[in-house]
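Chemist: What follows is entry.txt; its format and atoms are compact mmCIF, C-alpha atoms and all ligand atoms.
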```txt
# COMPACT_ATOMS: atom_id res chain seq x y z
CA MET A 1 -218.78 -75.36 86.27
CA THR A 2 -216.07 -75.65 88.85
CA GLN A 3 -215.42 -76.68 92.44
CA ASP A 4 -215.70 -73.02 93.50
CA ARG A 5 -219.25 -72.86 92.18
CA TRP A 6 -220.20 -76.18 93.77
CA THR A 7 -218.84 -75.03 97.12
CA ALA A 8 -220.63 -71.66 96.84
CA VAL A 9 -223.94 -73.40 96.16
CA ASP A 10 -223.44 -75.84 99.05
CA THR A 11 -222.74 -72.85 101.32
CA TYR A 12 -225.87 -71.15 99.99
CA LEU A 13 -228.02 -74.25 100.55
CA ALA A 14 -226.60 -74.93 104.00
CA GLY A 15 -227.32 -71.27 104.87
CA LEU A 16 -230.95 -71.85 103.95
CA PHE A 17 -231.59 -75.34 105.26
CA VAL A 18 -229.08 -76.06 108.02
CA PRO A 19 -229.07 -73.33 110.68
CA PRO A 20 -226.10 -72.97 113.04
CA ASP A 21 -226.06 -75.93 115.39
CA PRO A 22 -223.65 -76.00 118.34
CA ALA A 23 -223.32 -79.80 118.45
CA LEU A 24 -222.77 -80.28 114.71
CA ASP A 25 -220.57 -77.19 114.40
CA GLY A 26 -218.59 -78.55 117.35
CA VAL A 27 -217.94 -81.79 115.45
CA LEU A 28 -216.49 -79.87 112.53
CA GLN A 29 -214.36 -77.82 114.94
CA SER A 30 -213.11 -81.02 116.56
CA ILE A 31 -212.09 -82.32 113.13
CA ALA A 32 -210.14 -79.13 112.38
CA ALA A 33 -208.55 -79.06 115.84
CA ALA A 34 -207.34 -82.68 115.60
CA ASP A 35 -206.37 -82.38 111.93
CA LEU A 36 -208.68 -85.23 110.93
CA PRO A 37 -209.68 -85.60 107.26
CA THR A 38 -212.51 -83.27 106.20
CA ILE A 39 -214.58 -86.05 104.67
CA SER A 40 -217.71 -85.98 106.84
CA VAL A 41 -220.94 -85.80 104.88
CA SER A 42 -221.78 -82.19 104.04
CA PRO A 43 -224.46 -80.39 106.10
CA ASN A 44 -227.06 -80.87 103.37
CA GLN A 45 -226.18 -84.53 102.99
CA GLY A 46 -226.40 -84.96 106.76
CA LYS A 47 -229.84 -83.43 106.72
CA LEU A 48 -230.85 -85.78 103.89
CA LEU A 49 -229.76 -88.73 106.07
CA PHE A 50 -231.95 -87.29 108.85
CA ILE A 51 -234.93 -86.83 106.52
CA LEU A 52 -234.63 -90.33 105.07
CA ALA A 53 -234.30 -91.86 108.55
CA LYS A 54 -237.36 -89.93 109.73
CA ALA A 55 -239.33 -90.90 106.64
CA MET A 56 -238.49 -94.54 107.29
CA GLY A 57 -239.46 -94.26 110.97
CA VAL A 58 -236.20 -95.99 111.84
CA ARG A 59 -235.46 -97.36 115.30
CA HIS A 60 -232.21 -99.20 114.65
CA VAL A 61 -229.47 -97.70 112.49
CA LEU A 62 -226.04 -99.07 111.59
CA GLU A 63 -223.16 -96.96 110.31
CA LEU A 64 -219.80 -98.15 108.99
CA GLY A 65 -217.17 -95.40 109.42
CA THR A 66 -217.76 -92.90 112.23
CA LEU A 67 -214.87 -90.43 111.88
CA ALA A 68 -215.83 -87.67 114.37
CA GLY A 69 -219.51 -88.56 114.40
CA TYR A 70 -221.00 -85.86 112.18
CA SER A 71 -223.25 -88.21 110.17
CA THR A 72 -223.83 -90.31 113.30
CA ILE A 73 -225.37 -87.36 115.16
CA TRP A 74 -227.69 -86.54 112.25
CA LEU A 75 -228.84 -90.16 112.22
CA ALA A 76 -229.16 -90.38 116.01
CA ARG A 77 -231.41 -87.33 116.04
CA ALA A 78 -233.84 -89.17 113.77
CA VAL A 79 -234.09 -92.15 116.11
CA PRO A 80 -236.82 -92.15 118.79
CA PRO A 81 -236.11 -92.79 122.49
CA GLY A 82 -235.33 -96.48 122.89
CA GLY A 83 -233.80 -96.66 119.42
CA SER A 84 -230.11 -96.65 118.65
CA VAL A 85 -227.34 -96.03 116.17
CA VAL A 86 -224.54 -98.58 116.14
CA THR A 87 -221.49 -97.00 114.52
CA ILE A 88 -218.19 -98.73 113.74
CA GLU A 89 -214.82 -96.96 113.68
CA VAL A 90 -211.39 -98.58 113.27
CA ASP A 91 -209.27 -95.63 114.41
CA PRO A 92 -209.23 -95.26 118.23
CA ARG A 93 -208.31 -91.58 117.93
CA HIS A 94 -211.31 -90.88 115.71
CA ALA A 95 -213.48 -92.90 118.09
CA GLU A 96 -212.33 -90.94 121.14
CA ILE A 97 -213.13 -87.63 119.45
CA ALA A 98 -216.48 -88.98 118.26
CA ARG A 99 -217.37 -90.10 121.78
CA ALA A 100 -216.82 -86.59 123.13
CA ASN A 101 -218.93 -85.19 120.29
CA PHE A 102 -221.77 -87.61 121.06
CA ALA A 103 -221.79 -86.50 124.70
CA ARG A 104 -221.81 -82.81 123.74
CA ALA A 105 -224.69 -83.46 121.33
CA GLY A 106 -226.67 -85.16 124.12
CA MET A 107 -226.80 -88.32 122.00
CA ALA A 108 -224.43 -90.61 123.93
CA ASP A 109 -227.32 -92.68 125.30
CA ARG A 110 -228.53 -93.71 121.87
CA ILE A 111 -225.20 -94.17 120.07
CA ASP A 112 -223.35 -97.47 120.43
CA LEU A 113 -219.80 -96.85 119.18
CA ARG A 114 -217.83 -100.02 118.38
CA VAL A 115 -214.10 -99.53 117.96
CA GLY A 116 -212.61 -101.99 115.49
CA ALA A 117 -212.41 -102.90 111.85
CA ALA A 118 -215.89 -103.28 110.39
CA LEU A 119 -215.14 -106.80 109.21
CA ASP A 120 -214.18 -107.79 112.77
CA VAL A 121 -217.20 -106.10 114.39
CA LEU A 122 -219.95 -107.09 111.92
CA PRO A 123 -219.94 -110.86 112.69
CA GLY A 124 -220.53 -110.04 116.37
CA LEU A 125 -223.45 -107.80 115.47
CA ALA A 126 -224.95 -110.59 113.39
CA ALA A 127 -224.50 -113.07 116.24
CA GLY A 128 -225.81 -110.68 118.92
CA ASN A 129 -229.11 -108.84 119.11
CA ALA A 130 -228.02 -105.43 117.81
CA GLY A 131 -230.02 -105.79 114.61
CA PRO A 132 -231.85 -106.18 112.40
CA PHE A 133 -231.36 -102.62 111.19
CA ASP A 134 -233.88 -100.33 109.49
CA LEU A 135 -231.25 -98.12 107.88
CA ILE A 136 -227.56 -98.73 107.20
CA PHE A 137 -225.02 -96.10 106.12
CA ILE A 138 -221.87 -97.55 104.53
CA ASP A 139 -219.07 -94.95 104.68
CA ALA A 140 -215.88 -96.72 105.86
CA ASP A 141 -212.85 -97.68 103.72
CA LYS A 142 -213.84 -98.04 100.09
CA VAL A 143 -211.75 -101.19 99.60
CA GLY A 144 -214.08 -102.93 102.04
CA TYR A 145 -217.30 -102.04 100.19
CA PRO A 146 -217.70 -105.40 98.38
CA ASP A 147 -217.58 -107.20 101.75
CA TYR A 148 -219.81 -104.61 103.42
CA LEU A 149 -222.55 -105.23 100.86
CA GLY A 150 -223.21 -108.79 101.97
CA TRP A 151 -222.94 -107.98 105.67
CA SER A 152 -225.30 -105.02 105.40
CA ILE A 153 -227.94 -107.07 103.59
CA LYS A 154 -227.56 -109.81 106.18
CA LEU A 155 -228.07 -107.32 109.02
CA ALA A 156 -230.98 -105.45 107.41
CA ARG A 157 -234.65 -106.09 108.01
CA PRO A 158 -236.84 -106.60 104.93
CA GLY A 159 -237.74 -103.11 103.74
CA ALA A 160 -234.58 -101.54 105.15
CA LEU A 161 -232.84 -98.73 103.31
CA ILE A 162 -229.09 -98.97 102.75
CA LEU A 163 -227.00 -96.02 101.58
CA ALA A 164 -223.39 -96.28 100.43
CA ASP A 165 -221.36 -93.06 100.16
CA ASN A 166 -218.64 -92.27 97.63
CA VAL A 167 -219.53 -94.60 94.77
CA ILE A 168 -218.66 -92.11 92.00
CA ARG A 169 -215.15 -90.97 93.01
CA ASP A 170 -214.78 -87.99 90.66
CA GLY A 171 -216.25 -90.10 87.88
CA ALA A 172 -213.35 -92.55 88.03
CA VAL A 173 -215.87 -95.29 88.75
CA ALA A 174 -216.91 -95.28 85.08
CA ASP A 175 -213.32 -95.91 83.95
CA PRO A 176 -212.82 -99.65 83.41
CA ALA A 177 -209.05 -99.11 83.10
CA SER A 178 -208.67 -97.58 86.57
CA LYS A 179 -205.91 -99.15 88.67
CA ASP A 180 -206.90 -97.35 91.88
CA ALA A 181 -207.71 -99.88 94.60
CA SER A 182 -210.65 -97.86 95.95
CA VAL A 183 -212.09 -97.34 92.46
CA LEU A 184 -211.70 -101.03 91.64
CA ALA A 185 -213.46 -101.98 94.88
CA VAL A 186 -216.29 -99.49 94.34
CA ARG A 187 -216.72 -100.73 90.75
CA ARG A 188 -216.95 -104.28 92.09
CA PHE A 189 -219.43 -103.10 94.76
CA ASN A 190 -221.65 -101.43 92.14
CA GLU A 191 -221.56 -104.52 89.94
CA MET A 192 -222.42 -106.82 92.86
CA LEU A 193 -225.22 -104.45 93.86
CA ALA A 194 -226.65 -104.40 90.34
CA ASN A 195 -226.67 -108.21 90.27
CA GLU A 196 -227.97 -108.68 93.82
CA PRO A 197 -231.46 -110.23 93.67
CA ARG A 198 -232.35 -109.26 97.27
CA VAL A 199 -232.28 -105.49 96.65
CA ILE A 200 -233.80 -102.74 94.53
CA ALA A 201 -230.87 -100.45 93.83
CA THR A 202 -229.80 -97.23 92.19
CA ALA A 203 -226.90 -94.77 92.38
CA ILE A 204 -226.85 -90.98 92.10
CA GLN A 205 -223.93 -88.70 91.23
CA THR A 206 -223.57 -85.48 93.19
CA VAL A 207 -221.49 -82.30 93.21
CA GLY A 208 -220.91 -80.00 96.17
CA ALA A 209 -218.39 -78.80 98.72
CA LYS A 210 -216.88 -82.31 98.73
CA GLY A 211 -216.34 -82.33 94.97
CA TYR A 212 -217.83 -84.75 92.47
CA ASP A 213 -219.01 -88.00 94.01
CA GLY A 214 -222.25 -89.79 94.72
CA PHE A 215 -224.08 -92.44 96.64
CA ALA A 216 -225.88 -95.73 96.09
CA ALA A 217 -229.31 -96.26 97.61
CA PHE A 218 -230.99 -99.63 97.86
CA LEU A 219 -233.98 -101.24 99.45
CA VAL A 220 -233.74 -104.74 100.88
CA THR A 221 -236.69 -106.86 99.78
N1 LIG B 301 -219.48 -91.16 108.26
C1 LIG B 301 -218.58 -90.08 108.66
C2 LIG B 301 -217.32 -90.06 107.82
C3 LIG B 301 -216.56 -91.36 107.82
S1 LIG B 301 -214.95 -91.18 107.10
C4 LIG B 301 -219.33 -88.76 108.51
O1 LIG B 301 -219.89 -88.55 107.44
O2 LIG B 301 -219.32 -87.95 109.44
C5 LIG B 301 -214.45 -92.86 107.07
C6 LIG B 301 -214.10 -93.43 108.45
O3 LIG B 301 -214.00 -94.83 108.29
C7 LIG B 301 -212.74 -92.94 108.98
O4 LIG B 301 -212.88 -92.43 110.29
C8 LIG B 301 -211.90 -94.20 109.00
O5 LIG B 301 -210.99 -94.27 110.09
C9 LIG B 301 -212.95 -95.28 109.12
N2 LIG B 301 -212.53 -96.60 108.65
C10 LIG B 301 -211.60 -96.89 107.70
N3 LIG B 301 -211.47 -98.21 107.56
C11 LIG B 301 -212.36 -98.78 108.42
C12 LIG B 301 -212.69 -100.11 108.75
N4 LIG B 301 -212.10 -101.15 108.14
N5 LIG B 301 -213.63 -100.33 109.68
C13 LIG B 301 -214.25 -99.29 110.30
N6 LIG B 301 -213.95 -98.01 110.04
C14 LIG B 301 -213.02 -97.75 109.12
C1 LIG B 302 -213.05 -90.13 101.28
C2 LIG B 302 -213.86 -90.88 102.12
C3 LIG B 302 -215.18 -90.50 102.30
O1 LIG B 302 -216.03 -91.23 103.08
C4 LIG B 302 -215.68 -89.38 101.68
O2 LIG B 302 -217.00 -89.08 101.87
C5 LIG B 302 -214.87 -88.62 100.86
C6 LIG B 302 -213.54 -89.00 100.66
C7 LIG B 302 -211.64 -90.55 101.08
O3 LIG B 302 -211.22 -91.51 101.73
O4 LIG B 302 -210.97 -89.91 100.30
MG MG B 303 -218.05 -90.70 102.71
```
Output the file's structure in the form of structure tokens.
Modeler:
Amino acid sequence: MTQDRWTAVDTYLAGLFVPPDPALDGVLQSIAAADLPTISVSPNQGKLLFILAKAMGVRHVLELGTLAGYSTIWLARAVPPGGSVVTIEVDPRHAEIARANFARAGMADRIDLRVGAALDVLPGLAAGNAGPFDLIFIDADKVGYPDYLGWSIKLARPGALILADNVIRDGAVADPASKDASVLAVRRFNEMLANEPRVIATAIQTVGAKGYDGFAAFLVT
């Protein structure tokens, strides 16, 4: 079983479940045009975010790591009028491209894009009235994940769902000898999550067009 097969199956599934979509396809084109990293959630993962957000009946969503706004638009489409997605992006170039994508998707009115490092923006969210959030998607720099855990729980309402992308890292996460800073941070995140009394948590490994990775999912009690 190889990457080629995983990509072929993702293409097959996306062909079935994610029809062509000018706004979302436009985001992927904007990423290619600006030579941004191709690390957005896959179409099927984006649709899963949408389904989970719908199932939760979310009104207030928080995302860490916007890139060009692909996952943000999926989440924003699940939010009813009057609800919002706050999304945090450190790179002003990414943010500018995302902003244009939000407008083209007709979602600008319900997306609140904050440009800055998550650790600089999150205290302001906690102090202001942006939260509490019903769903939080952690997808920014992996080194920050241990810090993002505490902030996300603090900003979540009881019963909120929190998802953290990229917690498997090609399986490297199970290697206690890893010296990779991202792997070390994600290992620390997983350990903190497992020992966190305020959540009910699990993690799932996945394969697909983006390789071998996975996500953590946890409910705030
Ligand atoms: N969620 C997006 C992909 C995000 S990629 C999607 O699926 O469509 C990760 C993003 O996090 C990048 O754009 C990167 O610039 C941003 N990032 C990295 N470090 C960050 C930080 N400290 N605070 C906020 N964003 C950060
Ligand atoms: C990377 C980041 C992501 O959020 C992702 O989904 C895949 C890869 C990365 O930084 O390599
Ligand atoms: Mg990711």
Chemist: Using all atoms listed in the file, what does the table of chain A residues within 9 Å of ligand LIG 301 (chain B) look like, with each row giving the shortest atom pair and its distance in Å to one decimal, sorted by chain and ascending number, as a Markdown table?
Modeler:
```
| residue | atom | partner | partner_atom | distance |
| --- | --- | --- | --- | --- |
| A:Val27 | CA | B:LIG301 | O2 | 8.7 |
| A:Leu36 | CA | B:LIG301 | O4 | 8.4 |
| A:Pro37 | CA | B:LIG301 | S1 | 7.7 |
| A:Thr38 | CA | B:LIG301 | S1 | 8.3 |
| A:Ile39 | CA | B:LIG301 | S1 | 5.7 |
| A:Ser40 | CA | B:LIG301 | O1 | 3.4 |
| A:Val41 | CA | B:LIG301 | O1 | 3.9 |
| A:Ser42 | CA | B:LIG301 | O1 | 7.5 |
| A:Gln45 | CA | B:LIG301 | O1 | 8.7 |
| A:Gly46 | CA | B:LIG301 | O1 | 7.5 |
| A:Glu63 | CA | B:LIG301 | N1 | 7.2 |
| A:Leu64 | CA | B:LIG301 | C13 | 5.8 |
| A:Gly65 | CA | B:LIG301 | O3 | 3.4 |
| A:Thr66 | CA | B:LIG301 | C1 | 4.6 |
| A:Leu67 | CA | B:LIG301 | O4 | 3.2 |
| A:Ala68 | CA | B:LIG301 | O2 | 6.0 |
| A:Gly69 | CA | B:LIG301 | O2 | 5.0 |
| A:Tyr70 | CA | B:LIG301 | O2 | 3.8 |
| A:Ser71 | CA | B:LIG301 | O2 | 4.0 |
| A:Thr72 | CA | B:LIG301 | O2 | 6.4 |
| A:Ile73 | CA | B:LIG301 | O2 | 8.3 |
| A:Trp74 | CA | B:LIG301 | O2 | 8.9 |
| A:Thr87 | CA | B:LIG301 | C13 | 8.7 |
| A:Ile88 | CA | B:LIG301 | C13 | 5.3 |
| A:Glu89 | CA | B:LIG301 | N6 | 3.9 |
| A:Val90 | CA | B:LIG301 | N6 | 4.2 |
| A:Asp91 | CA | B:LIG301 | O5 | 4.8 |
| A:Pro92 | CA | B:LIG301 | O5 | 8.4 |
| A:Arg93 | CA | B:LIG301 | O5 | 8.7 |
| A:His94 | CA | B:LIG301 | O4 | 5.9 |
| A:Ala95 | CA | B:LIG301 | O4 | 7.8 |
| A:Arg114 | CA | B:LIG301 | C13 | 8.9 |
| A:Val115 | CA | B:LIG301 | C13 | 7.7 |
| A:Gly116 | CA | B:LIG301 | C13 | 6.1 |
| A:Ala117 | CA | B:LIG301 | N5 | 3.6 |
| A:Ala118 | CA | B:LIG301 | N5 | 3.8 |
| A:Leu119 | CA | B:LIG301 | N4 | 6.5 |
| A:Asp120 | CA | B:LIG301 | N5 | 8.1 |
| A:Val121 | CA | B:LIG301 | N5 | 8.3 |
| A:Phe137 | CA | B:LIG301 | N1 | 7.7 |
| A:Ile138 | CA | B:LIG301 | N1 | 7.8 |
| A:Asp139 | CA | B:LIG301 | N1 | 5.2 |
| A:Ala140 | CA | B:LIG301 | O3 | 3.6 |
| A:Asp141 | CA | B:LIG301 | N3 | 4.1 |
| A:Lys142 | CA | B:LIG301 | N3 | 7.8 |
| A:Val143 | CA | B:LIG301 | N3 | 8.5 |
| A:Gly144 | CA | B:LIG301 | N4 | 6.7 |
| A:Asp165 | CA | B:LIG301 | N1 | 8.5 |
```
Chemist: For the selection just defined, write its residues with C-alpha atoms to a file, as an mmCIF file, in the frame of the given file.
Modeler:
```cif
data_model
loop_
_atom_site.group_PDB
_atom_site.id
_atom_site.type_symbol
_atom_site.label_atom_id
_atom_site.label_comp_id
_atom_site.auth_asym_id
_atom_site.auth_seq_id
_atom_site.Cartn_x
_atom_site.Cartn_y
_atom_site.Cartn_z
ATOM 1 C CA VAL A 27 -217.940 -81.790 115.450
ATOM 2 C CA LEU A 36 -208.680 -85.230 110.930
ATOM 3 C CA PRO A 37 -209.680 -85.600 107.260
ATOM 4 C CA THR A 38 -212.510 -83.270 106.200
ATOM 5 C CA ILE A 39 -214.580 -86.050 104.670
ATOM 6 C CA SER A 40 -217.710 -85.980 106.840
ATOM 7 C CA VAL A 41 -220.940 -85.800 104.880
ATOM 8 C CA SER A 42 -221.780 -82.190 104.040
ATOM 9 C CA GLN A 45 -226.180 -84.530 102.990
ATOM 10 C CA GLY A 46 -226.400 -84.960 106.760
ATOM 11 C CA GLU A 63 -223.160 -96.960 110.310
ATOM 12 C CA LEU A 64 -219.800 -98.150 108.990
ATOM 13 C CA GLY A 65 -217.170 -95.400 109.420
ATOM 14 C CA THR A 66 -217.760 -92.900 112.230
ATOM 15 C CA LEU A 67 -214.870 -90.430 111.880
ATOM 16 C CA ALA A 68 -215.830 -87.670 114.370
ATOM 17 C CA GLY A 69 -219.510 -88.560 114.400
ATOM 18 C CA TYR A 70 -221.000 -85.860 112.180
ATOM 19 C CA SER A 71 -223.250 -88.210 110.170
ATOM 20 C CA THR A 72 -223.830 -90.310 113.300
ATOM 21 C CA ILE A 73 -225.370 -87.360 115.160
ATOM 22 C CA TRP A 74 -227.690 -86.540 112.250
ATOM 23 C CA THR A 87 -221.490 -97.000 114.520
ATOM 24 C CA ILE A 88 -218.190 -98.730 113.740
ATOM 25 C CA GLU A 89 -214.820 -96.960 113.680
ATOM 26 C CA VAL A 90 -211.390 -98.580 113.270
ATOM 27 C CA ASP A 91 -209.270 -95.630 114.410
ATOM 28 C CA PRO A 92 -209.230 -95.260 118.230
ATOM 29 C CA ARG A 93 -208.310 -91.580 117.930
ATOM 30 C CA HIS A 94 -211.310 -90.880 115.710
ATOM 31 C CA ALA A 95 -213.480 -92.900 118.090
ATOM 32 C CA ARG A 114 -217.830 -100.020 118.380
ATOM 33 C CA VAL A 115 -214.100 -99.530 117.960
ATOM 34 C CA GLY A 116 -212.610 -101.990 115.490
ATOM 35 C CA ALA A 117 -212.410 -102.900 111.850
ATOM 36 C CA ALA A 118 -215.890 -103.280 110.390
ATOM 37 C CA LEU A 119 -215.140 -106.800 109.210
ATOM 38 C CA ASP A 120 -214.180 -107.790 112.770
ATOM 39 C CA VAL A 121 -217.200 -106.100 114.390
ATOM 40 C CA PHE A 137 -225.020 -96.100 106.120
ATOM 41 C CA ILE A 138 -221.870 -97.550 104.530
ATOM 42 C CA ASP A 139 -219.070 -94.950 104.680
ATOM 43 C CA ALA A 140 -215.880 -96.720 105.860
ATOM 44 C CA ASP A 141 -212.850 -97.680 103.720
ATOM 45 C CA LYS A 142 -213.840 -98.040 100.090
ATOM 46 C CA VAL A 143 -211.750 -101.190 99.600
ATOM 47 C CA GLY A 144 -214.080 -102.930 102.040
ATOM 48 C CA ASP A 165 -221.360 -93.060 100.160
#
```
Chemist: Taking into account all atoms listed in the file, which residue in the set A:Asn190, A:Asn129, A:Thr221, A:Asn166 is nearest to ligand MG 303 (chain B)?
Modeler: A:Asn166
Chemist: Looking at A:Leu13, A:Ala217, A:Val167, A:Val86, which one is nearest to ligand LIG 302 (chain B), with distances taken over all atoms listed in the file?
Modeler: A:Val167
Chemist: Enter the distance from CA of Leu155 (chain A) to atom O4 of ligand LIG 302 (chain B), in Å, rounded to one decimal.
Modeler: 25.9 Å
Chemist: Measuring between all atoms listed in the file, which one of A:Thr202, A:Val220, A:Arg169, A:Leu52 shows the shortest distance to ligand MG 303 (chain B)?
Modeler: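 Among A:Thr202, A:Val220, A:Arg169, A:Leu52, it is A:Arg169 that comes nearest to ligand MG 303 (chain B).
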